[in-house]
Structure formats: structure tokens, C-alpha cells
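Beneath this line is the structure, given in C-alpha cells, with notes to follow.
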Amino acid sequence: MTQLALVIDLNVCVGCSACVTSCKEWNTSGSAGPLCDENPYGLNPTGTFFNRVQTFEIGQYPHSETLHFPKSCLHCEDPPCVPVCPTGASYKRKEDGIVLVDYDKCIGCKYCTWACPYGAREFDEKAKVMKKCTLCVDRIYDESMAEADRKPSCVKACPTSARLFGDIHDPESEVSQAIREDGGYALMPEWGTHPANHYLPRRKTKLKIHQDELERADNPLKVDGQQPKPGKGESSMDDVSAW
Amino acid sequence: MKPAFSVIFLTTLIGAAQGLFLALFTHQSYALFGLLPMQSDAFYGYGSVLALLLLVGGLIASFFHLGRPERAWRSATQWRTSWLSREVIVLPAFMGIVFLFGASHLTGYRPELTTLPGGLIVDLSTVLGVIGTMLAFALFICTAMIYACLRFLREWHSPLTVINYILMGGASGFVLASFYAASAAPDQSDFFAGWAIVITLLAFAGRWASLVRNARLKPKSTLQTAIGIKHPYIVQRSMGAMGGTFNTREFFHGKSAAFMRAIKPAFLILTFVLPLALLALGILTPGLLALAFIIQYLGLLAERWFFFAQANHPQNLYYQTIG
């Protein structure tokens with residue numbers, strides 16, 4: 001069975017919010033109607049977003065790091081928001097594991113948000129229904145698009161390729177390999193929701209050079225610098241002269 | 001959580017109505033077995049009308065919670081998985097039975113259905129009363145399980161939630177019944193006031209137990225598990241929004257810690273202590289019973305506000321700093 005998901009590499013994310021704006025742009029322009037924005041240029045702007053980039057400071061100055069943390073619906077494999085919905089508007093698709101809201105069935109009771117520990121759903125104050133990330137379900141199967149474009153809008157927009165998209169149930173997929181080999185983890189594992197989206201941890205890339213690597217192990221005379229130094233204008237030869 | 005007044009009125013009004021219906025039918029059952037004098041049809045009938053009015057009030061309040069009330073009928077479809085859907089089915093069913101129970105008394109249409117071995121005659125109103133009693137308890141369970149089934153909201157995720165909804169609804173219903181009886185059947189008022197004292201004491205114990213339990217809860221989710229970074233010092237610098245969002249409006253009560261500290265003793269006194277004193281005095285002075293119901297109802301509004309406000313949603317970990 002397929003489970004589509006995003007894998008977000010926190011080591012690569014620079015917090016530019018390109019995913020946020022491209023998500024908003026795509027999803028506010030679709031047939032499902034706009035994502036509301038109220039007071040967008042005022043003091044206290046508010047609106048419905050499917051994806052936000054949050055920023056955390058890890059540690060205390062001077063030993064601190066900035067972490068940019070994109071967060072959208074995690075498309076849990078055992079989504080707690082779905083069974084509580086009284087109308088069946090919230091559902092998880094069997095064929096690809098995407099958790100969706102049928103905006104025509106939602107009564108706006110907000111009970112699903114109470115049941116989501118991640119705060120992934122946002123109520124649309126104008127449409128009066130619950131909205132959430134669709135993994136761009138209206139893009140990824142659209143055959144009128146070039147195949148390279150059939151990805152969620154946020155994935156296409158990411159300038160650092162911090163966002164990977166694919167089927168985490170296919171062990172050979174790019175996302176499964178990233179989770180397996182780069183330490184992919186799920187958020188709030190304590191609740192047993194089994195989020196499909198995973199995050200790759202921040203990791204330090206260090207180049208360690210040992211002393212013996214500074215010497216040439218294949219030096220036939222075993223000792224550097226004992227060859228005769230030819231004059232500046234003369235030709236030199238590897239392993240025979242000192243340069 | 002942000003307490004929604006629609007839900008506060010819904011749960012307190014229907015709780016009182018369920019309790020009142022249970023009180024009326026408890027009296028009728030006692031009378032059936034000859035333990036109390038059977039009252040006139042009007043007593044049970046108009047009592048049911050009062051319960052029905054409260055239920056209608058609660059139902060109307062509930063619609064204010066919905067973004068799309070015109071689609072409310074859809075919410076009866078997912079009863080297999082959703083306690084909210086179950087409540088949506090049980091509430092009108094209970095209202096229907098309360099209506100029929102009241103109508104059976106007020107029209108005097110109470111055909112004898114069967115005779116028990118002891119010679120007890122079971123008429124239509126008794127059967128309706130038994131069904132109504134079961135539905136009243138089913139409705140208490142549905143209402144409370146809407147909250148108790150959410151495992152992330154650990155303040156609610158406890159059998160005490162269900163027990164307290166039953167006890168507090170029952171208490172306010174019996175207090176109302178004692179006042180109703182004081183004006184409609186004064187000699188029966190003590191029966192209801194006595195039970196009201198017992199149930200209010202039990203509710204006091206149950207609510208106290210849940211306060212003690214909640215005070216000892218340690219959060220399961222932390223910033224560390226929320227973002228998966230194992231470091232003791234993590235501070236949010238931005239939640240990804242320049243102003244408030246749905247996530248900051250729906251899940252934070254927005255009152256000060258001092259307000260939260262003050263409302264707890266306030267609701268304990270209003271819901272339990274004062275009504276108990278007034279009920280005890282009301283056995284001598286029936287007029288105090290009305291006051292007991294009003295004060296307890298105000299206390300229950302405060303109690304329900306606190307119930308919602310106290311629940312700390314794990315999503316709040318992600319929404320701490322606007323910027």
C-alpha cells in the first residue's frame with residue numbers, strides 16, 4: 001500500500017519560507033476556493049496556511065544554533081483526527097494515505113483539531129470549514145503537467161532541496177532511503193500516531209585528517225624530503241625529486 | 001483550550017435536563033413501588049416540559065459552535081467511530097422520549113402494557129421512563145466521552161470525566177427538581193432535596209478527585225519530542241506567523257494565571273458548597289431551593305469554563321511566540 005509523505009531535511013532547510021508562499025499561492029488558487037486572509041497588511045494579520053516555517057533556538061548563547069522547522073500536516077498512518085469527525089468529512093485515502101477534508105461535508109465543529117496533537121489543521125474563518133495540507137493532491141496526479149511538476153508545491157519551491165516527496169512504504173524510494181540512512185524520525189512518537197512525514201536531523205559534517213594521511217605511504221624511499229632538490233629551471237620527476 | 005460558550009451552555013443545560021428527567025422518573029418509580037405517594041400527571045408532565053425546554057436551549061446553543069450549522073444533519077453519520085456523532089443521535093432521541101413521557105402524562109394516555117408478578121401495573125409512561133433513563137445515561141456518556149476519548153488532552157482522558165458529567169448533571173437536575181417540587185408538590189420537595197444533597201456531595205468528591213489528578217499530571221509531550229531535538233534548552237523564536245492564527249485562538253484560554261487560580265475555588269464554592277448549605281436550609285425554607293439551583297448553575301458554568309481552560313493541548317508547544 002502506498003503512503004505518500006514528505007521528508008524534510010532540517011540540516012538543509014534555511015528557513016526562507018519559499019515553501020510557505022508557494023503552498024499558499026497554489027492552494028489559494030485552486031477549485032476548492034481561496035485560503036482566507038484577514039487584515040493581511042494590518043497590525044495583526046491572520047489567515048489560513050497549510051504549511052508554516054517555525055524557528056527555534058537550540059542551546060544557550062554562545063553555544064546556540066538556529067533551527068528552522070517547516071511544519072504541515074504529517075498525514076499520520078493512524079490519524080487521530082479522522083475517527084472523531086462526526087460527518088466523515090475528514091478521511092484518509094486508502095490508495096495513497098493522504099489525509100483530506102471534504103470541504104463540502106465539513107460542518108466546522110473543530111473537533112478534529114482537538115484530536116490532532118500537532119496543530120496541523122487550520123480553520124478557515126471565511127469558508128467556515130476546516131482546512132489542511134492536501135499534499136497537493138490536485139497537482140501530483142495532474143497528467144496535464146510535466147512529470148517533473150507532479151510534486152507538492154512546497155517541494156518544487158524549496159531552493160535547497162530540503163523537502164523530499166515520495167512513498168515511504170516503498171523501501172527503494174528516495175524518501176525511504178533518506179529515512180533509513182540519514183536517521184529520519186517522526187514527531188511526538190509518544191502518541192502512536194505514526195506520522196508519515198519524517199524529519200532528517202541536523203548533523204555536523206566534519207573532515208577528520210589523521211597524521212599518517214599527511215605522509216605518503218607509497219613513498220619508495222619511505223622518507224619525504226630526502227630526494228635531491230632539482231634547480232628551479234630543471235625538470236622534476238615524481239618519486240625521484242622533492243617536488 | 002479556549003472555552004466555547006456554546007459548548008459550556010450545551011453541556012450544562014442538557015446535564016440539568018437529564019438530571020431533572022432522572023429525578024422525575026426516580027420519583028415515579030418510588031411511587032410505583034408504593035414508597036412515595038404517586039403525584040398527579042401534571043407534576044410529571046410539566047416537569048418533563050421543563051426538562052424539554054432546557055434540552056432545546058442546549059441544542060440551540062450547540063448550533064452556535066458550528067461553522068456550517070446548515071449541514072449539522074451530516075454529523076449523525078459517523079456513529080461507528082465518533083462520540084460526537086453518537087451524541088448527535090442520542091440527544092434528539094432523548095428529547096423525543098422526554099416529549100413522549102411528558103405527553104403521556106399530560107394527555108393522560110397511559111395504557112397498561114403489562115402486569116409484573118408482584119401485581120405492579122406497568123403503563124406506557126413507565127416504559128417511556130425506563131427508556132428515557134437509559135438514554136439519559138447514554139447521553140451523559142456520549143457527552144463526556146467526546147472529551148475523555150482524546151488521549152492527548154490528558155486532563156480529560158480519564159474515567160473521572162464521565163463520572164463527573166453524570167454526577168454534576170444529576171446534581172443540578174435534582175436541585176432543580178427539588179425547587180420544582182417545592183412549588184408544584186411541596187410535600188415531595190424533601191425527597192428531591194435529600195437526593196440532591198447526596199449527589200452534590202458525590203459530585204464534589206468526583207470533581208475534587210479530578211482536580212487532584214490533574215494537578216499531578218506531567219506532560220507527555222515536550223518541545224524535545226515535538227521537534228525531535230534532544231537538547232535541554234530550546235526556545236521558540238517564531239511560530240511562522242506575524243499575528244494570531246487559528247492555533248493561538250482555539251487552544252489558549254487567554255486569561256491570566258491569577259484568574260485561573262481564582263476561578264477554581266469560585267466554582268467549587270458555587271457548585272458544591274453553597275448549594276449544599278442552601279439545600280440543607282431549603283428543607284425548612286423552600287424559597288432557598290430556587291437560589292440553590294441558580295447558584296449551582298452559575299457554578300457549573302464556571303466549572304465547565306475551567307474544565308476547558310485547564311486542558312493543555314500539546315499543539316501549544318508549537319505556538320508560543322508570534323514573530
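Ordering of the C-alpha cells sets the chain letters (A, B, ...), residue numbers begin anew at 1 in every chain, and ligands are numbered from 1 in the order given.
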
Exercise answer, chain A residues close to chain B, 6 Å and only C-alpha atoms, as a PyMOL selection string: chain A and resi 44-46+52-59+83-84+86-87+107-109+117-119+122+128+187-188

For the selection just defined, write its residues with N, CA and C atoms to a file, as a short mmCIF file (atom, residue, chain, number, x, y, z; two decimals), in the first residue's frame.
data_model
loop_
_atom_site.label_atom_id
_atom_site.label_comp_id
_atom_site.auth_asym_id
_atom_site.auth_seq_id
_atom_site.Cartn_x
_atom_site.Cartn_y
_atom_site.Cartn_z
N ASN A 44 -2.30 43.13 12.78
CA ASN A 44 -2.45 41.78 13.31
C ASN A 44 -2.97 40.85 12.21
N PRO A 45 -2.13 40.56 11.22
CA PRO A 45 -2.60 39.75 10.10
C PRO A 45 -2.88 38.32 10.54
N THR A 46 -3.88 37.72 9.92
CA THR A 46 -4.18 36.32 10.24
C THR A 46 -4.74 35.67 9.00
N ARG A 52 3.80 26.06 7.63
CA ARG A 52 4.46 27.21 8.24
C ARG A 52 5.89 26.81 8.58
N VAL A 53 6.79 27.78 8.53
CA VAL A 53 8.16 27.51 8.96
C VAL A 53 8.35 28.19 10.31
N GLN A 54 8.65 27.38 11.30
CA GLN A 54 8.87 27.90 12.64
C GLN A 54 10.37 27.95 12.92
N THR A 55 10.74 28.77 13.87
CA THR A 55 12.16 28.91 14.18
C THR A 55 12.38 28.69 15.67
N PHE A 56 13.35 27.86 15.97
CA PHE A 56 13.70 27.57 17.36
C PHE A 56 15.17 27.88 17.59
N GLU A 57 15.46 28.29 18.81
CA GLU A 57 16.86 28.46 19.20
C GLU A 57 17.21 27.30 20.11
N ILE A 58 18.21 26.56 19.71
CA ILE A 58 18.63 25.38 20.47
C ILE A 58 19.87 25.75 21.26
N GLY A 59 19.84 25.55 22.57
CA GLY A 59 21.02 25.84 23.38
C GLY A 59 21.05 27.29 23.81
N PRO A 83 -11.15 9.47 12.96
CA PRO A 83 -12.31 8.80 13.58
C PRO A 83 -13.21 9.73 14.38
N VAL A 84 -12.71 10.86 14.87
CA VAL A 84 -13.55 11.73 15.70
C VAL A 84 -14.51 12.57 14.85
N PRO A 86 -17.50 13.84 13.05
CA PRO A 86 -18.87 13.32 13.11
C PRO A 86 -19.53 13.18 11.74
N THR A 87 -18.98 13.84 10.72
CA THR A 87 -19.65 13.82 9.41
C THR A 87 -18.94 12.95 8.38
N ILE A 107 -18.72 20.48 8.84
CA ILE A 107 -19.67 21.39 9.49
C ILE A 107 -18.94 22.43 10.35
N GLY A 108 -17.62 22.37 10.36
CA GLY A 108 -16.86 23.38 11.11
C GLY A 108 -17.00 23.27 12.61
N CYS A 109 -17.05 22.03 13.14
CA CYS A 109 -17.18 21.87 14.59
C CYS A 109 -15.83 21.93 15.28
N PRO A 117 -2.54 16.30 17.78
CA PRO A 117 -1.56 16.87 18.72
C PRO A 117 -0.59 17.84 18.07
N TYR A 118 -0.60 17.91 16.72
CA TYR A 118 0.42 18.70 16.03
C TYR A 118 -0.07 20.08 15.62
N GLY A 119 -1.34 20.38 15.82
CA GLY A 119 -1.86 21.68 15.39
C GLY A 119 -1.75 21.85 13.89
N GLU A 122 -6.04 24.06 10.20
CA GLU A 122 -6.41 25.45 10.47
C GLU A 122 -7.80 25.71 9.93
N LYS A 128 -15.61 28.88 6.75
CA LYS A 128 -16.21 28.23 7.92
C LYS A 128 -16.07 26.71 7.88
N LEU A 187 7.59 13.04 14.55
CA LEU A 187 7.33 13.98 15.66
C LEU A 187 6.39 13.35 16.69
N MET A 188 6.61 13.67 17.95
CA MET A 188 5.79 13.18 19.06
C MET A 188 5.46 11.69 18.91
#

Residue set, stretch 57-286 of chain B restricted to strand (DSSP E), as an MDAnalysis selection string: chainID B and resid 112:115 121:123 234:238

What residues in stretch 138-192 of chain B get the DSSP label alpha helix (DSSP H)? Please answer as a compact mmCIF listing (two decimals) with N, CA and C atoms, in the first residue's frame.
# COMPACT_ATOMS: atom_id res chain seq x y z
N ALA B 138 -26.97 7.28 28.57
CA ALA B 138 -26.21 7.18 27.32
C ALA B 138 -25.74 8.57 26.87
N LEU B 139 -26.60 9.56 27.05
CA LEU B 139 -26.23 10.92 26.63
C LEU B 139 -25.11 11.48 27.50
N PHE B 140 -25.20 11.22 28.82
CA PHE B 140 -24.09 11.63 29.70
C PHE B 140 -22.77 11.02 29.20
N ILE B 141 -22.83 9.72 28.89
CA ILE B 141 -21.60 9.03 28.48
C ILE B 141 -21.09 9.59 27.15
N CYS B 142 -22.01 9.81 26.20
CA CYS B 142 -21.58 10.37 24.89
C CYS B 142 -20.94 11.74 25.09
N THR B 143 -21.61 12.61 25.84
CA THR B 143 -21.10 13.97 26.03
C THR B 143 -19.71 13.93 26.66
N ALA B 144 -19.58 13.14 27.72
CA ALA B 144 -18.31 13.12 28.44
C ALA B 144 -17.23 12.43 27.61
N MET B 145 -17.59 11.40 26.85
CA MET B 145 -16.58 10.68 26.08
C MET B 145 -16.04 11.52 24.93
N ILE B 146 -16.80 12.51 24.47
CA ILE B 146 -16.27 13.44 23.46
C ILE B 146 -14.94 14.01 23.97
N TYR B 147 -14.90 14.29 25.27
CA TYR B 147 -13.68 14.86 25.86
C TYR B 147 -12.75 13.76 26.35
N ALA B 148 -13.32 12.74 27.00
CA ALA B 148 -12.48 11.72 27.64
C ALA B 148 -11.74 10.86 26.62
N PRO B 159 -11.54 8.24 33.36
CA PRO B 159 -12.93 7.85 33.68
C PRO B 159 -13.62 8.89 34.56
N LEU B 160 -12.82 9.69 35.29
CA LEU B 160 -13.43 10.71 36.16
C LEU B 160 -14.24 11.71 35.35
N THR B 161 -13.82 11.96 34.10
CA THR B 161 -14.57 12.89 33.26
C THR B 161 -16.01 12.41 33.09
N VAL B 162 -16.17 11.12 32.77
CA VAL B 162 -17.51 10.56 32.57
C VAL B 162 -18.28 10.58 33.89
N ILE B 163 -17.64 10.14 34.95
CA ILE B 163 -18.31 10.09 36.26
C ILE B 163 -18.78 11.48 36.65
N ASN B 164 -17.92 12.48 36.45
CA ASN B 164 -18.28 13.83 36.88
C ASN B 164 -19.39 14.44 36.03
N TYR B 165 -19.40 14.15 34.73
CA TYR B 165 -20.51 14.66 33.92
C TYR B 165 -21.83 14.08 34.41
N ILE B 166 -21.84 12.79 34.76
CA ILE B 166 -23.07 12.18 35.26
C ILE B 166 -23.45 12.81 36.61
N LEU B 167 -22.46 12.92 37.51
CA LEU B 167 -22.78 13.41 38.86
C LEU B 167 -23.17 14.88 38.85
N MET B 168 -22.45 15.70 38.09
CA MET B 168 -22.77 17.14 38.13
C MET B 168 -24.07 17.42 37.41
N GLY B 169 -24.32 16.74 36.30
CA GLY B 169 -25.62 16.90 35.63
C GLY B 169 -26.74 16.43 36.54
N GLY B 170 -26.50 15.25 37.15
CA GLY B 170 -27.51 14.71 38.07
C GLY B 170 -27.78 15.65 39.22
N ALA B 171 -26.71 16.21 39.80
CA ALA B 171 -26.88 17.10 40.94
C ALA B 171 -27.73 18.31 40.56
N SER B 172 -27.40 18.96 39.43
CA SER B 172 -28.16 20.17 39.10
C SER B 172 -29.60 19.81 38.75
N GLY B 173 -29.82 18.64 38.14
CA GLY B 173 -31.19 18.22 37.84
C GLY B 173 -32.00 17.97 39.09
N PHE B 174 -31.39 17.32 40.08
CA PHE B 174 -32.12 17.03 41.33
C PHE B 174 -32.36 18.31 42.13
N VAL B 175 -31.41 19.25 42.09
CA VAL B 175 -31.65 20.53 42.76
C VAL B 175 -32.82 21.25 42.11
N LEU B 176 -32.83 21.22 40.77
CA LEU B 176 -33.94 21.86 40.05
C LEU B 176 -35.26 21.16 40.39
N ALA B 177 -35.20 19.82 40.47
CA ALA B 177 -36.42 19.07 40.79
C ALA B 177 -36.92 19.43 42.19
N SER B 178 -36.00 19.65 43.12
CA SER B 178 -36.44 19.97 44.48
C SER B 178 -37.13 21.33 44.50
N PHE B 179 -36.61 22.26 43.69
CA PHE B 179 -37.27 23.57 43.60
C PHE B 179 -38.62 23.44 42.90
N TYR B 180 -38.62 22.65 41.82
CA TYR B 180 -39.87 22.44 41.07
C TYR B 180 -40.92 21.81 41.99
N ALA B 181 -40.49 20.81 42.77
CA ALA B 181 -41.43 20.14 43.66
C ALA B 181 -41.90 21.09 44.76
N ALA B 182 -41.00 21.99 45.21
CA ALA B 182 -41.39 22.91 46.28
C ALA B 182 -42.57 23.78 45.85
N SER B 183 -42.65 24.06 44.53
CA SER B 183 -43.78 24.86 44.07
C SER B 183 -44.93 24.01 43.57
N ALA B 184 -44.65 22.81 43.02
CA ALA B 184 -45.72 22.00 42.43
C ALA B 184 -46.23 20.92 43.37
N SER B 189 -40.84 17.79 48.18
CA SER B 189 -39.61 18.53 47.95
C SER B 189 -38.42 17.92 48.70
N ASP B 190 -38.69 17.44 49.92
CA ASP B 190 -37.60 16.88 50.72
C ASP B 190 -36.96 15.66 50.06
N PHE B 191 -37.80 14.87 49.39
CA PHE B 191 -37.26 13.68 48.70
C PHE B 191 -36.19 14.09 47.69
N PHE B 192 -36.55 15.10 46.87
CA PHE B 192 -35.59 15.54 45.85
C PHE B 192 -34.40 16.25 46.48

Contacts of stretch 11-28 of chain A within 9 Å, only C-alpha atoms, excl. fewer than 5 positions in-chain, as an NGL selection string: (:A and (33-36 or 48-55 or 67-70 or 133-134 or 136 or 152-163 or 200-204)) or (:B and (240))

All residues 12 Å or closer to B:Met260, only C-alpha atoms, same chain fewer than 3 positions away omitted, as a list in words: His253, Gly254, Lys255, Ser256, Ala257, Ile263, Lys264, Pro265, Ala266, Phe267, Ala302, Glu303, Trp305, Phe306, Phe307, Phe308, Ala309, Gln310 and Ala311 of chain B

Find the residues around B:Met95 up to 9 Å (only C-alpha atoms counted), leave out those fewer than 4 positions away in its own chain, and share them as a PDB file with N, CA and C atoms, in the first residue's frame.
ATOM      1  N   ALA B  51     -37.823  20.050  31.510  1.00  0.00           N
ATOM      2  CA  ALA B  51     -36.610  19.363  31.033  1.00  0.00           C
ATOM      3  C   ALA B  51     -36.449  19.557  29.532  1.00  0.00           C
ATOM      4  N   LEU B  52     -37.571  19.466  28.813  1.00  0.00           N
ATOM      5  CA  LEU B  52     -37.517  19.614  27.365  1.00  0.00           C
ATOM      6  C   LEU B  52     -37.054  21.018  26.974  1.00  0.00           C
ATOM      7  N   LEU B  55     -33.410  21.178  27.308  1.00  0.00           N
ATOM      8  CA  LEU B  55     -32.765  20.435  26.223  1.00  0.00           C
ATOM      9  C   LEU B  55     -32.777  21.242  24.929  1.00  0.00           C
ATOM     10  N   VAL B  56     -33.901  21.891  24.655  1.00  0.00           N
ATOM     11  CA  VAL B  56     -33.989  22.719  23.448  1.00  0.00           C
ATOM     12  C   VAL B  56     -32.978  23.869  23.540  1.00  0.00           C
ATOM     13  N   VAL B  90     -28.089  10.571  20.084  1.00  0.00           N
ATOM     14  CA  VAL B  90     -28.748  10.276  21.359  1.00  0.00           C
ATOM     15  C   VAL B  90     -29.517  11.494  21.880  1.00  0.00           C
ATOM     16  N   LEU B  91     -28.993  12.711  21.640  1.00  0.00           N
ATOM     17  CA  LEU B  91     -29.672  13.905  22.172  1.00  0.00           C
ATOM     18  C   LEU B  91     -31.097  14.053  21.636  1.00  0.00           C
ATOM     19  N   PHE B  99     -40.296  14.121  25.496  1.00  0.00           N
ATOM     20  CA  PHE B  99     -41.553  14.669  24.960  1.00  0.00           C
ATOM     21  C   PHE B  99     -42.682  13.650  25.113  1.00  0.00           C
ATOM     22  N   LEU B 100     -42.428  12.406  24.718  1.00  0.00           N
ATOM     23  CA  LEU B 100     -43.472  11.381  24.793  1.00  0.00           C
ATOM     24  C   LEU B 100     -43.847  11.097  26.241  1.00  0.00           C
ATOM     25  N   GLY B 132     -36.152   6.428  28.694  1.00  0.00           N
ATOM     26  CA  GLY B 132     -35.575   7.762  28.886  1.00  0.00           C
ATOM     27  C   GLY B 132     -34.408   7.731  29.851  1.00  0.00           C
TER      28      GLY B 132
END

Gap from atom CA of B:Leu278 to atom CA of B:Leu13 - Å, one decimal: 20.9 Å
